[in-house]
$ cat final_14.tsv   # TSV, C-alpha atoms
chain	number	residue	atom	x	y	z
A	18	MET	CA	-35.69	7.81	1.08
A	19	TYR	CA	-31.91	7.91	0.83
A	20	ALA	CA	-29.94	5.65	-1.49
A	21	THR	CA	-28.21	2.64	0.04
A	22	MET	CA	-25.42	0.21	-0.73
A	23	HIS	CA	-23.71	-2.80	0.80
A	24	ALA	CA	-20.60	-2.06	2.83
A	25	VAL	CA	-18.33	-3.49	5.49
A	26	ARG	CA	-18.33	-1.23	8.56
A	27	GLY	CA	-16.94	-1.08	12.06
A	28	HIS	CA	-19.26	0.52	14.64
A	29	ARG	CA	-16.66	0.61	17.39
A	30	ARG	CA	-12.89	0.61	17.34
A	31	GLY	CA	-11.29	-2.81	17.26
A	32	GLY	CA	-10.02	-5.59	15.04
A	33	PRO	CA	-11.63	-7.77	12.38
A	34	GLU	CA	-14.21	-9.02	14.86
A	35	GLU	CA	-15.81	-5.56	14.87
A	36	LEU	CA	-16.44	-5.49	11.10
A	37	VAL	CA	-19.97	-6.15	9.83
A	38	TYR	CA	-21.26	-6.60	6.27
A	39	GLU	CA	-24.46	-4.57	6.09
A	40	VAL	CA	-26.61	-2.05	4.26
A	41	ALA	CA	-25.31	1.51	4.59
A	42	PRO	CA	-26.05	4.95	3.14
A	43	LYS	CA	-24.56	5.53	-0.30
A	44	PRO	CA	-22.06	8.42	-0.09
A	45	VAL	CA	-22.54	11.69	-1.94
A	46	PRO	CA	-19.49	13.32	-3.57
A	47	GLY	CA	-18.50	16.71	-2.19
A	48	ARG	CA	-16.64	19.46	-3.97
A	49	GLY	CA	-13.52	18.05	-5.61
A	50	ASP	CA	-14.64	14.46	-5.04
A	51	VAL	CA	-15.39	11.57	-7.37
A	52	LEU	CA	-18.02	8.96	-6.52
A	53	VAL	CA	-16.49	5.64	-7.55
A	54	GLU	CA	-18.49	2.48	-8.10
A	55	VAL	CA	-16.07	0.02	-6.54
A	56	ARG	CA	-15.00	-3.06	-8.45
A	57	ALA	CA	-12.20	-4.15	-6.11
A	58	ALA	CA	-10.53	-3.00	-2.89
A	59	SER	CA	-7.36	-4.05	-1.13
A	60	VAL	CA	-6.71	-4.53	2.59
A	61	THR	CA	-3.55	-3.50	4.43
A	62	PRO	CA	-1.79	-4.97	7.49
A	63	GLY	CA	-2.22	-2.81	10.58
A	64	GLU	CA	-4.95	-0.67	9.04
A	65	LEU	CA	-7.48	-1.38	11.79
A	66	GLY	CA	-4.94	-0.22	14.36
A	67	TRP	CA	-4.29	3.19	12.78
A	68	ASP	CA	-5.74	6.17	14.64
A	69	ALA	CA	-6.58	7.72	11.26
A	70	THR	CA	-8.85	4.78	10.40
A	71	TRP	CA	-11.15	5.75	13.27
A	72	THR	CA	-10.78	9.54	13.46
A	73	ASP	CA	-11.47	12.57	11.31
A	74	SER	CA	-7.94	14.01	11.23
A	75	PHE	CA	-4.30	13.25	12.04
A	76	ASP	CA	-4.25	15.88	14.80
A	77	GLY	CA	-6.46	13.95	17.17
A	78	GLY	CA	-9.90	14.68	15.77
A	79	GLY	CA	-12.94	13.01	17.23
A	80	PRO	CA	-14.04	9.46	16.50
A	81	ARG	CA	-15.56	8.78	13.09
A	82	LEU	CA	-18.05	5.96	13.52
A	83	PRO	CA	-19.11	3.79	11.86
A	84	VAL	CA	-16.13	3.46	9.51
A	85	VAL	CA	-15.57	1.67	6.21
A	86	PRO	CA	-12.03	0.23	5.88
A	87	SER	CA	-9.74	-0.37	2.87
A	88	LYS	CA	-7.86	2.56	1.36
A	89	GLU	CA	-7.06	1.14	-2.09
A	90	VAL	CA	-9.72	1.22	-4.77
A	91	SER	CA	-10.23	0.27	-8.39
A	92	GLY	CA	-13.55	0.99	-10.02
A	93	VAL	CA	-15.59	3.13	-12.35
A	94	VAL	CA	-16.56	6.80	-12.07
A	95	ALA	CA	-20.24	7.01	-11.11
A	96	GLU	CA	-20.62	10.73	-10.42
A	97	LEU	CA	-18.48	13.86	-10.29
A	98	GLY	CA	-18.48	16.34	-7.45
A	99	HIS	CA	-18.57	20.08	-8.10
A	100	GLY	CA	-15.43	21.38	-9.77
A	101	VAL	CA	-14.08	18.04	-11.00
A	102	MET	CA	-13.10	18.25	-14.66
A	103	ASP	CA	-10.44	15.50	-14.85
A	104	PHE	CA	-12.67	12.46	-15.25
A	105	ARG	CA	-15.91	11.41	-16.89
A	106	PRO	CA	-18.68	9.04	-15.78
A	107	GLY	CA	-17.95	5.44	-16.79
A	108	GLU	CA	-14.15	5.93	-16.80
A	109	ALA	CA	-12.11	3.22	-15.05
A	110	VAL	CA	-9.96	4.70	-12.28
A	111	TYR	CA	-7.88	3.66	-9.30
A	112	GLY	CA	-6.33	5.39	-6.34
A	113	LEU	CA	-5.42	5.78	-2.71
A	114	ILE	CA	-8.08	7.09	-0.33
A	115	PRO	CA	-7.02	9.50	2.46
A	116	PHE	CA	-6.62	7.55	5.68
A	117	THR	CA	-9.07	9.75	7.61
A	118	ARG	CA	-11.92	9.04	5.18
A	119	ASP	CA	-14.14	6.01	4.66
A	120	GLY	CA	-12.58	3.40	2.44
A	121	ALA	CA	-13.47	1.12	-0.43
A	122	ALA	CA	-14.87	-1.98	1.31
A	123	ALA	CA	-18.23	-0.95	-0.09
A	124	GLU	CA	-20.13	-0.74	-3.34
A	125	TYR	CA	-19.43	3.00	-3.58
A	126	VAL	CA	-16.81	5.37	-2.16
A	127	THR	CA	-16.03	9.07	-2.56
A	128	VAL	CA	-12.39	9.90	-3.32
A	129	PRO	CA	-10.68	13.27	-3.85
A	130	ALA	CA	-10.04	13.59	-7.58
A	131	ALA	CA	-6.39	14.44	-6.89
A	132	GLY	CA	-5.89	10.94	-5.47
A	133	LEU	CA	-7.18	9.12	-8.54
A	134	ALA	CA	-5.67	8.21	-11.90
A	135	ALA	CA	-6.83	6.32	-14.98
A	136	LYS	CA	-6.70	2.58	-14.39
A	137	PRO	CA	-3.91	0.68	-16.18
A	138	GLY	CA	-5.45	-0.89	-19.25
A	139	SER	CA	-3.42	-4.09	-18.97
A	140	LEU	CA	-4.67	-4.99	-15.48
A	141	ASP	CA	-8.02	-6.21	-14.21
A	142	HIS	CA	-9.63	-4.39	-11.30
A	143	GLU	CA	-8.48	-6.92	-8.72
A	144	ARG	CA	-4.80	-6.52	-9.53
A	145	THR	CA	-5.18	-2.79	-9.95
A	146	ALA	CA	-6.60	-2.55	-6.42
A	147	ALA	CA	-3.38	-4.12	-5.11
A	148	LEU	CA	-1.34	-1.27	-6.58
A	149	PRO	CA	-2.04	2.15	-4.98
A	150	LEU	CA	-0.92	2.04	-1.33
A	151	ALA	CA	1.96	-0.42	-1.58
A	152	GLY	CA	3.05	0.85	-4.99
A	153	LEU	CA	3.03	4.51	-3.95
A	154	THR	CA	4.86	3.60	-0.73
A	155	ALA	CA	7.62	1.96	-2.73
A	156	TRP	CA	7.75	4.81	-5.26
A	157	GLN	CA	7.76	7.61	-2.71
A	158	GLY	CA	10.30	5.84	-0.49
A	159	LEU	CA	12.74	5.01	-3.25
A	160	VAL	CA	12.32	8.06	-5.50
A	161	THR	CA	11.09	10.95	-3.36
A	162	HIS	CA	12.95	10.16	-0.15
A	163	ALA	CA	15.97	8.10	-1.24
A	164	GLY	CA	16.54	9.45	-4.76
A	165	VAL	CA	17.60	6.07	-6.12
A	166	THR	CA	19.61	6.27	-9.36
A	167	PRO	CA	20.82	3.59	-11.80
A	168	GLY	CA	23.67	1.47	-10.49
A	169	GLN	CA	23.04	2.08	-6.81
A	170	ARG	CA	22.87	-0.81	-4.36
A	171	VAL	CA	19.48	-1.19	-2.66
A	172	LEU	CA	18.60	-3.61	0.15
A	173	VAL	CA	14.87	-4.30	0.61
A	174	HIS	CA	13.74	-5.93	3.84
A	175	GLY	CA	10.65	-8.12	3.48
A	176	GLY	CA	10.89	-8.55	-0.28
A	177	ALA	CA	7.92	-10.93	-0.54
A	178	GLY	CA	5.45	-8.74	1.34
A	179	GLY	CA	2.84	-6.33	0.08
A	180	VAL	CA	5.12	-3.27	0.09
A	181	GLY	CA	8.41	-5.13	-0.22
A	182	SER	CA	7.37	-6.88	-3.44
A	183	PHE	CA	6.74	-3.47	-5.01
A	184	ALA	CA	9.97	-2.01	-3.63
A	185	VAL	CA	11.99	-4.80	-5.25
A	186	GLN	CA	10.32	-4.23	-8.61
A	187	VAL	CA	10.51	-0.43	-8.49
A	188	ALA	CA	14.18	-0.44	-7.43
A	189	ALA	CA	15.02	-2.85	-10.26
A	190	ALA	CA	13.06	-0.71	-12.74
A	191	LEU	CA	15.08	2.32	-11.60
A	192	GLY	CA	18.25	0.46	-12.55
A	193	ALA	CA	19.43	-0.40	-9.04
A	194	GLU	CA	21.26	-3.54	-7.98
A	195	VAL	CA	18.70	-5.10	-5.66
A	196	THR	CA	19.23	-7.39	-2.69
A	197	ALA	CA	16.24	-8.49	-0.61
A	198	THR	CA	15.61	-10.40	2.59
A	199	ALA	CA	12.86	-13.02	2.55
A	200	SER	CA	12.09	-16.50	3.80
A	201	ALA	CA	13.88	-19.38	2.07
A	202	GLY	CA	10.55	-20.51	0.59
A	203	ASP	CA	10.05	-17.11	-1.03
A	204	ALA	CA	13.55	-16.80	-2.51
A	205	ASP	CA	12.64	-17.79	-6.08
A	206	PHE	CA	9.55	-15.60	-5.98
A	207	VAL	CA	11.57	-12.55	-4.93
A	208	ARG	CA	14.26	-13.22	-7.53
A	209	GLY	CA	11.49	-13.27	-10.09
A	210	LEU	CA	10.55	-9.75	-8.99
A	211	GLY	CA	14.00	-8.48	-9.88
A	212	ALA	CA	16.25	-9.10	-6.86
A	213	GLU	CA	19.73	-10.19	-7.88
A	214	THR	CA	20.39	-11.63	-4.42
A	215	VAL	CA	17.93	-12.97	-1.84
A	216	ILE	CA	19.01	-13.50	1.78
A	217	ASP	CA	17.14	-15.96	3.99
A	218	TYR	CA	16.42	-13.85	7.06
A	219	ALA	CA	15.96	-16.96	9.23
A	220	GLY	CA	19.21	-18.66	8.26
A	221	GLN	CA	21.57	-15.80	7.38
A	222	ARG	CA	22.66	-12.52	8.92
A	223	PHE	CA	22.15	-9.99	6.18
A	224	GLU	CA	24.84	-7.70	7.59
A	225	THR	CA	27.45	-10.34	6.83
A	226	GLU	CA	26.26	-10.55	3.21
A	227	VAL	CA	25.69	-6.88	2.32
A	228	LYS	CA	28.21	-4.03	2.39
A	229	ASP	CA	28.19	-0.43	1.17
A	230	ALA	CA	24.50	-0.29	0.32
A	231	ASP	CA	23.32	3.09	-0.92
A	232	VAL	CA	19.77	2.57	0.31
A	233	VAL	CA	18.02	0.27	2.77
A	234	PHE	CA	14.23	0.09	2.37
A	235	ASP	CA	12.83	-1.21	5.65
A	236	THR	CA	9.39	-2.81	5.94
A	237	VAL	CA	10.24	-4.82	9.07
A	238	GLY	CA	11.56	-2.50	11.78
A	239	GLY	CA	12.86	-3.53	15.20
A	240	ASP	CA	16.16	-5.40	15.35
A	241	THR	CA	16.26	-5.68	11.55
A	242	GLN	CA	16.21	-1.91	11.25
A	243	ALA	CA	18.82	-1.45	14.00
A	244	ARG	CA	21.24	-3.84	12.29
A	245	SER	CA	20.74	-2.17	8.92
A	246	TRP	CA	22.99	0.78	9.75
A	247	GLU	CA	25.96	-1.60	9.51
A	248	VAL	CA	25.42	-2.23	5.79
A	249	LEU	CA	25.09	1.37	4.60
A	250	ARG	CA	27.91	3.20	2.86
A	251	PRO	CA	28.91	6.63	4.19
A	252	GLY	CA	26.20	9.04	3.10
A	253	GLY	CA	23.66	6.25	2.57
A	254	VAL	CA	20.02	6.40	3.59
A	255	LEU	CA	17.73	4.09	5.55
A	256	VAL	CA	14.09	4.60	4.56
A	257	SER	CA	11.52	3.02	6.87
A	258	VAL	CA	7.76	2.68	6.58
A	259	VAL	CA	7.53	1.00	10.00
A	260	GLU	CA	9.09	3.28	12.60
A	261	PRO	CA	11.39	6.34	12.67
A	262	PRO	CA	15.00	5.15	12.25
A	263	ALA	CA	17.50	6.40	14.81
A	264	PRO	CA	21.09	6.48	13.47
A	265	PRO	CA	23.63	5.22	16.01
A	266	GLU	CA	26.06	7.76	17.38
A	267	GLY	CA	28.70	8.62	14.81
A	268	ALA	CA	26.81	7.08	11.87
A	269	ASP	CA	27.52	8.80	8.55
A	270	ALA	CA	24.07	8.01	7.13
A	271	ARG	CA	20.60	9.43	7.39
A	272	GLY	CA	17.27	7.91	8.32
A	273	VAL	CA	13.85	8.71	6.88
A	274	PHE	CA	10.43	7.68	8.11
A	275	PHE	CA	7.37	8.61	6.08
A	276	VAL	CA	3.68	7.89	5.64
A	277	VAL	CA	2.53	7.40	2.07
A	278	GLU	CA	0.30	10.10	0.61
A	279	PRO	CA	-2.28	10.03	-2.20
A	280	ASP	CA	-0.56	11.26	-5.35
A	281	ARG	CA	-1.89	11.18	-8.91
A	282	SER	CA	1.50	11.80	-10.50
A	283	GLY	CA	2.95	8.88	-8.57
A	284	LEU	CA	0.08	6.66	-9.69
A	285	GLU	CA	0.78	7.67	-13.28
A	286	GLU	CA	4.44	6.70	-12.84
A	287	LEU	CA	3.33	3.30	-11.52
A	288	THR	CA	0.94	2.90	-14.46
A	289	ALA	CA	3.80	3.59	-16.87
A	290	LEU	CA	5.87	0.84	-15.22
A	291	VAL	CA	2.91	-1.55	-15.38
A	292	GLU	CA	2.28	-0.89	-19.06
A	293	ALA	CA	6.01	-1.32	-19.78
A	294	GLY	CA	5.95	-4.73	-18.11
A	295	ARG	CA	8.27	-3.58	-15.30
A	296	LEU	CA	5.75	-3.76	-12.45
A	297	ILE	CA	3.27	-6.55	-11.69
A	298	PRO	CA	1.01	-6.28	-8.63
A	299	GLN	CA	1.30	-9.41	-6.52
A	300	VAL	CA	-2.05	-10.76	-5.30
A	301	ASP	CA	-2.09	-13.46	-2.65
A	302	ARG	CA	-5.83	-14.12	-2.88
A	303	ILE	CA	-9.13	-12.57	-3.95
A	304	LEU	CA	-12.14	-12.74	-1.60
A	305	PRO	CA	-15.73	-11.47	-1.88
A	306	LEU	CA	-16.61	-8.22	-0.12
A	307	GLU	CA	-18.59	-9.96	2.61
A	308	SER	CA	-15.42	-11.88	3.57
A	309	ALA	CA	-13.61	-8.67	4.56
A	310	PRO	CA	-13.48	-9.56	8.29
A	311	GLY	CA	-11.73	-12.82	7.39
A	312	ALA	CA	-9.38	-10.96	5.06
A	313	TYR	CA	-8.26	-8.64	7.86
A	314	ALA	CA	-7.90	-11.59	10.23
A	315	ALA	CA	-5.68	-13.34	7.68
A	316	LEU	CA	-3.41	-10.29	7.58
A	317	GLU	CA	-2.73	-10.76	11.27
A	318	ARG	CA	-2.00	-14.48	11.34
A	319	GLU	CA	-0.89	-15.75	7.91
A	320	HIS	CA	2.22	-15.51	5.77
A	321	ARG	CA	1.41	-14.00	2.38
A	322	ARG	CA	2.93	-13.25	-0.98
A	323	GLY	CA	1.51	-9.90	-1.98
A	324	LYS	CA	-1.87	-8.37	-1.23
A	325	ILE	CA	-5.30	-9.67	-0.23
A	326	VAL	CA	-7.97	-8.15	-2.45
A	327	LEU	CA	-11.75	-7.87	-2.04
A	328	ARG	CA	-13.87	-8.35	-5.16
A	329	VAL	CA	-16.75	-5.92	-4.77
A	330	SER	CA	-18.55	-6.16	-8.12

$ encode --input "final_14.tsv" --output "C-alpha cells"
Amino acid sequence: MYATMHAVRGHRRGGPEELVYEVAPKPVPGRGDVLVEVRAASVTPGELGWDATWTDSFDGGGPRLPVVPSKEVSGVVAELGHGVMDFRPGEAVYGLIPFTRDGAAAEYVTVPAAGLAAKPGSLDHERTAALPLAGLTAWQGLVTHAGVTPGQRVLVHGGAGGVGSFAVQVAAALGAEVTATASAGDADFVRGLGAETVIDYAGQRFETEVKDADVVFDTVGGDTQARSWEVLRPGGVLVSVVEPPAPPEGADARGVFFVVEPDRSGLEELTALVEAGRLIPQVDRILPLESAPGAYAALEREHRRGKIVLRVS
C-alpha cells in the first residue's frame, strides 16, 4: 500500500476548470531532492498556460499527466534524498520548483535541494510562499540582467502586481530612483513599496513623464513595452518577463527577455533584504488548498495587489 496525500491535480491540459482536489500518491525524493511537507504555496498568472506545466522538459517532451500546479513553496523538510547534506528534517525552507516538475498545491512536494533555502525567520509560511518566483524574477532581472547600481533611474511597469511589487522594492533597496506605472487606486500602495513617482497608466502617458531611464522593467508587454524604448537613455536596457523586446531600428539600447530560474543564492539575497526590512512580500489573499481552482480563476479575472497564496497546512 503506497502512501497518499491530498493534492490539487489536472488530469488534462486546460484552465482552472480542469483542476481537482483529490487523494494522490505521496512523492518520493530522488537523488538530490528534498521532500517538503508543504505549509503554503503560491499561484502565478499564466501558469496553467505554460507548456512546461504540462510537459517533462522545455524541449518539447511528452505530456506529464496528471500534474500538480504551483511552483512556489514554503514548508518543512520531511525527508532527504540521497546525497543531500544541506538540510535536516524539520527545518523550515522555501523555494522555487522547476517548471517541468509537479508543484506545491499538495501536502508534499519534492524539490531539488539547489532550489531551496532556509525560510526567513521573520515571515510566516504564507508570506514566504509569495516570495520565490516573483522575488527571484525581480532580483534576476534587475541584478543579473540589468546590473542596477545606486543612483540609476529605474521604471517598473505594473508596480502593484505580483512581480512588479517586488521589482519596485528590490530596485529601491539597490539604491535606484524608482518610478512605477500603476492604476490611480494603487498609487499610494506602490509609493509605500519605495517608488518615488507613480504614473497612472490609464490617465497619463508614461513616456511624457519619464526621460533618460537607465532600466525599464517590463511586466506588461505589448504597446507598453513598445513605447518604453522612448524613455531609455543611450545604452539603457529594457528587461521584460513577458515577451522578447525588439529594439526599434537605430535604438541605442538593448533588450533582454528571460525566464526566472531556481537559485539558492538569489533566495538568500532576498532573505537578507526581508530580514533587513527592505522587502515585504505582498499577499492579496490566502485561500485553503481545496480552493486552488478558484485561486487560479481569480488570477484570470480580478485585479490584485500582490500574490494569491494557498494555505496547505

$ closest_residue --input "final_14.tsv" --among "A:Glu194, A:Glu278, A:Glu319, A:Asp269" --to "A:Pro167" --atoms "all atoms listed in the file"
A:Glu194

$ residues_around --input "final_14.tsv" --residues "A:Val291" --least-positions-apart "5" --cutoff "10 Å" --atoms "all atoms listed in the file" --output "list in words"
Pro137, Gly138, Ser139, Leu140, Thr145, Leu148, Glu285, Glu286, Leu296, Ile297 and Pro298 of chain A

$ residues_around --input "final_14.tsv" --residues "A:Val258" --least-positions-apart "4" --cutoff "8 Å" --atoms "all atoms listed in the file" --output "list in words"
Thr154, Asp235, Thr236, Phe274, Phe275 and Val276 of chain A

$ write_last_selection --input "final_14.tsv" --atoms "C-alpha atoms" --output "tab-separated table (two decimals), in the coordinates of the input"
chain	number	residue	atom	x	y	z
A	154	THR	CA	4.86	3.60	-0.73
A	235	ASP	CA	12.83	-1.21	5.65
A	236	THR	CA	9.39	-2.81	5.94
A	274	PHE	CA	10.43	7.68	8.11
A	275	PHE	CA	7.37	8.61	6.08
A	276	VAL	CA	3.68	7.89	5.64

$ residues_near_point --input "final_14.tsv" --point "(5.1, 3.0, 7.5)" --cutoff "12 Å" --atoms "all atoms listed in the file" --output "PyMOL selection string"
chain A and resi 61-64+67+150-151+153-155+157-158+180-181+234-238+256-262+273-278

$ closest_residue --input "final_14.tsv" --among "A:Pro44, A:Ala268, A:Lys228, A:Gly220" --to "A:Thr196" --atoms "only C-alpha atoms"
A:Lys228

$ residues_around --input "final_14.tsv" --residues "A:Ala95" --least-positions-apart "4" --cutoff "6 Å" --atoms "all atoms listed in the file" --output "JSON, numbers by chain"
{"A": [52, 53, 54, 106]}

$ atom_distance --input "final_14.tsv" --atom1 "atom CA of A:Gln242" --atom2 "atom CA of A:Arg318"
22.1 Å

$ atom_distance --input "final_14.tsv" --atom1 "atom CA of A:Leu290" --atom2 "atom CA of A:Leu172"
20.4 Å

$ atom_distance --input "final_14.tsv" --atom1 "atom CA of A:Gln221" --atom2 "atom CA of A:Ala177"
16.5 Å

$ closest_residue --input "final_14.tsv" --among "A:Val85, A:Val25, A:Arg321, A:Ala121" --to "A:Phe206" --atoms "all atoms listed in the file"
A:Arg321

$ residues_near_point --input "final_14.tsv" --point "(-16.0, -11.3, 0.0)" --cutoff "12 Å" --atoms "only C-alpha atoms" --output "PyMOL selection string"
chain A and resi 23-25+37-38+56-60+122-124+302-313+325-330

$ residues_around --input "final_14.tsv" --residues "A:Val173" --least-positions-apart "3" --cutoff "6 Å" --atoms "only C-alpha atoms" --output "PDB file with C-alpha atoms, in the frame of the given file"
ATOM      1  CA  GLY A 176      10.890  -8.550  -0.280  1.00  0.00           C
ATOM      2  CA  ALA A 197      16.240  -8.490  -0.610  1.00  0.00           C
ATOM      3  CA  VAL A 233      18.020   0.270   2.770  1.00  0.00           C
ATOM      4  CA  PHE A 234      14.230   0.090   2.370  1.00  0.00           C
TER       5      PHE A 234
END

$ residues_around --input "final_14.tsv" --residues "A:Gly100" --least-positions-apart "2" --cutoff "12 Å" --atoms "all atoms listed in the file" --output "JSON list (two decimals) with C-alpha atoms, in the frame of the given file"
[["chain", "number", "residue", "atom", "x", "y", "z"],
["A", 46, "PRO", "CA", -19.49, 13.32, -3.57],
["A", 47, "GLY", "CA", -18.50, 16.71, -2.19],
["A", 48, "ARG", "CA", -16.64, 19.46, -3.97],
["A", 49, "GLY", "CA", -13.52, 18.05, -5.61],
["A", 50, "ASP", "CA", -14.64, 14.46, -5.04],
["A", 51, "VAL", "CA", -15.39, 11.57, -7.37],
["A", 96, "GLU", "CA", -20.62, 10.73, -10.42],
["A", 97, "LEU", "CA", -18.48, 13.86, -10.29],
["A", 98, "GLY", "CA", -18.48, 16.34, -7.45],
["A", 102, "MET", "CA", -13.10, 18.25, -14.66],
["A", 103, "ASP", "CA", -10.44, 15.50, -14.85],
["A", 104, "PHE", "CA", -12.67, 12.46, -15.25],
["A", 129, "PRO", "CA", -10.68, 13.27, -3.85],
["A", 130, "ALA", "CA", -10.04, 13.59, -7.58],
["A", 131, "ALA", "CA", -6.39, 14.44, -6.89]]

$ closest_residue --input "final_14.tsv" --among "A:Gly175, A:Gly107, A:Gly239, A:Pro80" --to "A:Val215" --atoms "all atoms listed in the file"
A:Gly175
